[in-house]
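A short worksheet on the structure shown next.
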Amino acid sequence: MSVYNAYLSLSGSLGVEAVRDERLAHRTSYRIGGPAALSVTAHTYPALAHAVEVLDREQVGWVVLGRGTNVLVSDKGYDGCVIRLGREFSRISFEDGGQVSAGGSVLLSKLVNECQSNGLSGLEPCVGIPGTVGGAISMDAGTRDEWIGRHVASVVTFRPGKGLVRYEANDIEWGYRYTSIPAGEIVLEASFCLSDRDPKEIAEDMEQRLSRRRRKQPMGKPTCGSVFRNPPGGSAGSLVELCGLKGYAVGGAQVSDTHANFVVNNGGATANDVLLVLQKMHADVMERHGVNLLPEVKFLGFD
Ligand SMILES: Cc1cc2nc3c(=O)[nH]c(=O)nc-3n(C[C@H](O)[C@H](O)[C@H](O)COP(=O)(O)OP(=O)(O)OC[C@H]3O[C@@H](n4cnc5c(N)ncnc54)[C@H](O)[C@@H]3O)c2cc1C
């Protein structure tokens, strides 16, 4: 594999920004993580297709990153390429009949706010969720019972080796933090089918949801949101709390005092600190409750 060759090929390419050894701590909500050997921002679809072709030819592993709000990057970093979607994928367009389309790099908060201003209802459960539309589709982000996938009319992805793929709503299965869109595909755009509602009512609904978040979740400290998925019929946070782990810390990483399914970076936490805290949470819940918690956070650069 030659990251260097890939960098040389891509750094002069139209619509591509290529950077070597970018610290991913600056690109994740955790503020943790070593460098990516290569970072590529693709501003257009041809640039993206070209970048993936070059990376595959040079046998450089790659992963798509949105805003990095659900990722823990290892302290040594990632020896492959992090791909981000740029300008062409940052548009929102409103069509007739409650239809709105958003590119994969659009901030979810921007989409939610614009839908509110336009009196379009459906995405209220996504208020307060950071990250991009691409990340939200790939994670089927939302609350425990309400997911973004429920309002999706269609999704366009890039499938390496094939090209553009368009899924209609019925082609995709959605579930709690699950979508049947294959993991190797890059979400370029999603269209949503929303219903009419008074913008003022939407704003009130969103405000209530935000204040619930402020009450129940740690604010102001770097996190990645919930670290474990809720087990069927249960709550990962409650199981961890029953193990007496609220406040449990290793180095700068700590189980939040406010919500036991959040691990916060108190400043200077390493990825290894977070990992040790996650392992303790997992082991204690398994021992005490016999429940095998599955991670919601994605790991990058770990062996
Ligand atoms: C304070 C806080 C609160 C949160 N609350 C919630 C919540 O209530 N509900 C919830 O569901 N999540 C929540 N999260 C987690 C996170 O915000 C969501 O999972 C979000 O959708 C991730 O988007 P992102 O752009 O940051 O994706 P990233 O973190 O960058 O990536 C996450 C995953 O998506 C993949 N991905 C990203 N973009 C694309 C793309 N274009 N195509 C294909 N795959 C892609 C990545 O490869 C990775 O596997 C919270 C996080 C924080 C920090």
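Following the order of the structure tokens, first chain is A, next is B, and so on, with residues numbered from 1 inside each chain and ligands from 1 in the order they appear.
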Compile the contact shell of Pro218 (chain A) as number ranges by chain: residues with an atom at most 8 Å away, counting only C-alpha atoms, same-chain residues fewer than 4 positions apart removed.
A: 214, 256-259, 262, 264
Using only C-alpha atoms and all ligand atoms, which protein or nucleic acid residues are at most 8 Å from ligand 1, as a count of residues only?
55
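As for CA of Trp62 (chain A) and CA of Ala269 (chain A), they are spaced 25.5 Å apart.
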Which of region 39-284 of chain A end up as alpha helix (DSSP H) when DSSP is run on this backbone - answer as a count of residues only?
69
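Of note, CA of Ser74 (chain A) and CA of Leu276 (chain A) are spaced 12.3 Å apart.
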Within 9 Å of Asn5 (chain A), counting only C-alpha atoms, which residues show up once you throw out same-chain ones fewer than 4 positions away? Write them as a PyMOL selection string, please.
chain A and resi 1+9-10+54+58
Given only C-alpha atoms as the basis, pick out the residue of A:Asp96, A:Glu17, A:Ala6, A:Leu239 nearest to Glu287 (chain A).
A:Leu239
For a test of reading the model, state the distance in Å between CA of Pro35 (chain A) and CA of Gly251 (chain A), rounded to one decimal.
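Going from CA of Pro35 (chain A) over to CA of Gly251 (chain A) covers 21.0 Å.
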With only C-alpha atoms as the counted atoms, please give the residues lying no more than 10 Å from Met286 (chain A), apart from itself and same-chain residues fewer than 6 positions off, as a list in words.
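Result of the neighbour search: Leu239, Val240, Lys280, Asn292 and Leu293 of chain A.
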Based on DSSP run over this structure's backbone, return all residues of region 26-272 of chain A in strand (DSSP E), as an NGL selection string.
:A and (35-42 or 62-64 or 71-73 or 78-85 or 92-94 or 99-103 or 120-121 or 152-159 or 163-168 or 174-175 or 178-179 or 186-193 or 195-196 or 249-250 or 253-255 or 263-265)
Surrounding residues of Tyr4 (chain A) excluding itself and chain neighbours under 4 positions, 12 Å, only C-alpha atoms, as a PyMOL selection string
chain A and resi 8-11+18-21+37-39+54-55+58-60+79-81
Can you list, as a PyMOL selection string, every protein, DNA or RNA residue that comes within 10 Å of Gly98 (chain A) when you count only C-alpha atoms, leaving out same-chain residues fewer than 3 positions away?
chain A and resi 94-95+115+118-121+192-196
Go through A:Ile181, A:Ala236, A:Val52, A:Ala190 and flag the residue nearest Ile92 (chain A), using only C-alpha atoms for the distances.
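Nearest candidate to Ile92 (chain A) out of A:Ile181, A:Ala236, A:Val52, A:Ala190: A:Ala190.
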